[in-house]
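Notes follow the structure.
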Amino acid sequence: MKEIEFVKPGDIEKRSFAIIAEELAARHITIKEEEAPITMRVIHTSADFEYADTMTYSENAIETARALLQSGADIVTDTNMAKAGINKKVLAELGGQVHCFMAEEDVAQEAKARGVTRATVSMERAAKLEKPVIFAIGNAPTALISLYEMIQEGIFKPAFVIGVPVGFVNVVAAKELIMETDVPYIVNRGRKGGSNIAAAICNGLLYGLRGRSKER
């Protein structure tokens, strides 16, 4: 039986990250310094070290996303679970808020009438927000496909995309489409992801900006 390690409640996260660092070193895995806080938070959320290999960042992704957040960008999620998991207090201090249109009745009605997914209609609603938007997609590949189509048609260009939907149908292809655009992104290649992963990435970005709201 493994011996219980007694850790004060306030030190659990710190100890968890120390364990992750130790295991990464034991596996001879090196993560770029600027990407480590995000990838390690994803591993912390999932207890899955495969993310160290599959998390993919566009050039200057962390710097770009944090600059957007610091300037007051909003976040749009594709699930209320992801919305609930994002630290809205830190985001509000920076001038932003989180939106999720998926559960709105008129979104469901429009999607049914048009024969499309609620994710598609939600992305169209999000495109009408009159400020820069970071999309945090953890569940619906159709959300990424809709964003890609709007980009290709010149209708709308997201400020940033976090593409980590989980599943089997169109998930891998949808992520690859986003990586083909010139939109800055954080994407987890492959089938893995989820609303909790999307929220973890957002929080990793936000926690790197703690205390900076007064500098704006």
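If you're wondering about the labels, chains in the structure tokens are A, B, ... by order shown, residues count from 1 in each chain, ligands from 1 in order shown.
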Give me the residues of range 63-126 of chain A that have any atom at most 12 Å from an atom of range 17-38 of chain A; for each, the nearest atom pair and the distance in Å, rounded to one decimal. Use only C-alpha atoms, sort by chain and number, and format it as a tab-separated table.
residue	atom	partner	partner_atom	distance
A:Glu63	CA	A:Glu34	CA	8.5
A:Thr64	CA	A:Glu34	CA	11.7
A:Ala65	CA	A:Ile38	CA	11.6
A:Arg66	CA	A:Glu34	CA	11.5
Just asking: which residues within range 146-198 of chain A are strand (DSSP E or B) according to DSSP, as a PyMOL selection string?
chain A and resi 160-163+185-188
Sorted by chain and rising residue number, list the residues of range 21-117 of chain A at most 12 Å from range 151-172 of chain A (counting only C-alpha atoms), each with its closest atom pair and distance in Å to one decimal, as a Markdown table.
| residue | atom | partner | partner_atom | distance |
| --- | --- | --- | --- | --- |
| A:Ile38 | CA | A:Ile162 | CA | 11.6 |
| A:Val42 | CA | A:Val164 | CA | 10.8 |
| A:Tyr51 | CA | A:Val164 | CA | 11.0 |
| A:Thr54 | CA | A:Val164 | CA | 10.6 |
| A:Met55 | CA | A:Val164 | CA | 9.1 |
| A:Thr56 | CA | A:Gly163 | CA | 9.8 |
| A:Tyr57 | CA | A:Ile162 | CA | 9.5 |
| A:Ser58 | CA | A:Phe160 | CA | 10.1 |
| A:Asn60 | CA | A:Phe160 | CA | 11.6 |
| A:Ala61 | CA | A:Phe160 | CA | 8.6 |
| A:Ile62 | CA | A:Phe160 | CA | 10.4 |
| A:Glu63 | CA | A:Phe160 | CA | 11.4 |
| A:Thr64 | CA | A:Phe160 | CA | 8.2 |
| A:Ala65 | CA | A:Phe160 | CA | 6.8 |
| A:Arg66 | CA | A:Phe160 | CA | 10.4 |
| A:Ala67 | CA | A:Ala159 | CA | 10.8 |
| A:Leu68 | CA | A:Ala159 | CA | 7.9 |
| A:Leu69 | CA | A:Phe160 | CA | 10.4 |
| A:Ser71 | CA | A:Ala159 | CA | 12.0 |
| A:Ala73 | CA | A:Ala159 | CA | 8.8 |
| A:Asp74 | CA | A:Ala159 | CA | 10.0 |
| A:Ile75 | CA | A:Phe160 | CA | 9.5 |
| A:Val76 | CA | A:Val161 | CA | 9.7 |
| A:Thr77 | CA | A:Ile162 | CA | 9.5 |
| A:Asp78 | CA | A:Pro165 | CA | 9.4 |
| A:Thr79 | CA | A:Pro165 | CA | 10.6 |
| A:Ala82 | CA | A:Pro165 | CA | 11.2 |
Output file for the residues above (N, CA and C atoms, as a PDB file, in the first residue's frame):
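Below is the file result20.pdb, written as the result:
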ATOM      1  N   ILE A  38       0.946  26.304 -18.925  1.00  0.00           N
ATOM      2  CA  ILE A  38      -0.317  25.870 -19.514  1.00  0.00           C
ATOM      3  C   ILE A  38      -0.365  24.349 -19.612  1.00  0.00           C
ATOM      4  N   VAL A  42      -2.794  21.609 -17.626  1.00  0.00           N
ATOM      5  CA  VAL A  42      -3.622  20.612 -18.310  1.00  0.00           C
ATOM      6  C   VAL A  42      -3.338  19.217 -17.747  1.00  0.00           C
ATOM      7  N   TYR A  51      -0.456  14.721 -22.696  1.00  0.00           N
ATOM      8  CA  TYR A  51      -0.623  16.109 -23.122  1.00  0.00           C
ATOM      9  C   TYR A  51       0.721  16.816 -23.317  1.00  0.00           C
ATOM     10  N   THR A  54       1.195  16.243 -26.981  1.00  0.00           N
ATOM     11  CA  THR A  54       0.169  16.611 -27.957  1.00  0.00           C
ATOM     12  C   THR A  54      -0.280  18.070 -27.914  1.00  0.00           C
ATOM     13  N   MET A  55      -0.003  18.764 -26.835  1.00  0.00           N
ATOM     14  CA  MET A  55      -0.368  20.179 -26.779  1.00  0.00           C
ATOM     15  C   MET A  55       0.456  20.947 -27.812  1.00  0.00           C
ATOM     16  N   THR A  56      -0.227  21.727 -28.641  1.00  0.00           N
ATOM     17  CA  THR A  56       0.404  22.405 -29.773  1.00  0.00           C
ATOM     18  C   THR A  56       0.085  23.897 -29.724  1.00  0.00           C
ATOM     19  N   TYR A  57       1.096  24.714 -29.913  1.00  0.00           N
ATOM     20  CA  TYR A  57       0.954  26.161 -29.783  1.00  0.00           C
ATOM     21  C   TYR A  57       1.418  26.850 -31.066  1.00  0.00           C
ATOM     22  N   SER A  58       0.631  27.811 -31.534  1.00  0.00           N
ATOM     23  CA  SER A  58       1.094  28.627 -32.647  1.00  0.00           C
ATOM     24  C   SER A  58       2.215  29.540 -32.145  1.00  0.00           C
ATOM     25  N   ASN A  60       4.249  32.337 -30.657  1.00  0.00           N
ATOM     26  CA  ASN A  60       3.940  33.393 -29.681  1.00  0.00           C
ATOM     27  C   ASN A  60       2.512  33.276 -29.126  1.00  0.00           C
ATOM     28  N   ALA A  61       1.994  32.065 -29.049  1.00  0.00           N
ATOM     29  CA  ALA A  61       0.606  31.872 -28.620  1.00  0.00           C
ATOM     30  C   ALA A  61       0.341  32.403 -27.217  1.00  0.00           C
ATOM     31  N   ILE A  62       1.207  32.080 -26.278  1.00  0.00           N
ATOM     32  CA  ILE A  62       0.984  32.498 -24.893  1.00  0.00           C
ATOM     33  C   ILE A  62       1.009  34.013 -24.777  1.00  0.00           C
ATOM     34  N   GLU A  63       2.011  34.627 -25.379  1.00  0.00           N
ATOM     35  CA  GLU A  63       2.145  36.085 -25.341  1.00  0.00           C
ATOM     36  C   GLU A  63       0.926  36.749 -25.979  1.00  0.00           C
ATOM     37  N   THR A  64       0.468  36.204 -27.101  1.00  0.00           N
ATOM     38  CA  THR A  64      -0.678  36.773 -27.810  1.00  0.00           C
ATOM     39  C   THR A  64      -1.950  36.661 -26.987  1.00  0.00           C
ATOM     40  N   ALA A  65      -2.206  35.472 -26.428  1.00  0.00           N
ATOM     41  CA  ALA A  65      -3.425  35.264 -25.643  1.00  0.00           C
ATOM     42  C   ALA A  65      -3.442  36.142 -24.400  1.00  0.00           C
ATOM     43  N   ARG A  66      -2.319  36.252 -23.737  1.00  0.00           N
ATOM     44  CA  ARG A  66      -2.280  37.058 -22.515  1.00  0.00           C
ATOM     45  C   ARG A  66      -2.408  38.542 -22.831  1.00  0.00           C
ATOM     46  N   ALA A  67      -1.878  38.980 -23.956  1.00  0.00           N
ATOM     47  CA  ALA A  67      -2.045  40.378 -24.356  1.00  0.00           C
ATOM     48  C   ALA A  67      -3.514  40.674 -24.624  1.00  0.00           C
ATOM     49  N   LEU A  68      -4.212  39.727 -25.245  1.00  0.00           N
ATOM     50  CA  LEU A  68      -5.644  39.895 -25.493  1.00  0.00           C
ATOM     51  C   LEU A  68      -6.415  39.984 -24.182  1.00  0.00           C
ATOM     52  N   LEU A  69      -6.116  39.083 -23.247  1.00  0.00           N
ATOM     53  CA  LEU A  69      -6.802  39.085 -21.959  1.00  0.00           C
ATOM     54  C   LEU A  69      -6.520  40.365 -21.193  1.00  0.00           C
ATOM     55  N   SER A  71      -5.948  43.185 -22.366  1.00  0.00           N
ATOM     56  CA  SER A  71      -6.628  44.319 -22.992  1.00  0.00           C
ATOM     57  C   SER A  71      -8.151  44.226 -22.863  1.00  0.00           C
ATOM     58  N   ALA A  73     -10.198  41.283 -23.463  1.00  0.00           N
ATOM     59  CA  ALA A  73     -10.909  40.365 -24.356  1.00  0.00           C
ATOM     60  C   ALA A  73     -11.880  39.483 -23.572  1.00  0.00           C
ATOM     61  N   ASP A  74     -12.962  39.097 -24.238  1.00  0.00           N
ATOM     62  CA  ASP A  74     -13.915  38.153 -23.661  1.00  0.00           C
ATOM     63  C   ASP A  74     -13.537  36.729 -24.059  1.00  0.00           C
ATOM     64  N   ILE A  75     -14.108  35.763 -23.351  1.00  0.00           N
ATOM     65  CA  ILE A  75     -13.934  34.347 -23.672  1.00  0.00           C
ATOM     66  C   ILE A  75     -15.305  33.765 -24.010  1.00  0.00           C
ATOM     67  N   VAL A  76     -15.370  32.986 -25.073  1.00  0.00           N
ATOM     68  CA  VAL A  76     -16.593  32.277 -25.436  1.00  0.00           C
ATOM     69  C   VAL A  76     -16.312  30.782 -25.359  1.00  0.00           C
ATOM     70  N   THR A  77     -17.155  30.064 -24.624  1.00  0.00           N
ATOM     71  CA  THR A  77     -17.007  28.613 -24.497  1.00  0.00           C
ATOM     72  C   THR A  77     -18.133  27.906 -25.246  1.00  0.00           C
ATOM     73  N   ASP A  78     -17.960  26.614 -25.467  1.00  0.00           N
ATOM     74  CA  ASP A  78     -19.014  25.828 -26.121  1.00  0.00           C
ATOM     75  C   ASP A  78     -19.789  24.965 -25.127  1.00  0.00           C
ATOM     76  N   THR A  79     -19.495  25.095 -23.839  1.00  0.00           N
ATOM     77  CA  THR A  79     -20.268  24.403 -22.806  1.00  0.00           C
ATOM     78  C   THR A  79     -20.341  25.271 -21.558  1.00  0.00           C
ATOM     79  N   ALA A  82     -17.415  24.409 -19.132  1.00  0.00           N
ATOM     80  CA  ALA A  82     -16.166  25.167 -19.313  1.00  0.00           C
ATOM     81  C   ALA A  82     -16.325  26.574 -18.753  1.00  0.00           C
TER      82      ALA A  82
END
Please, what distance in Å, to one decimal, runs between CA of Val98 in chain A and CA of Ala198 in chain A?
12.6 Å
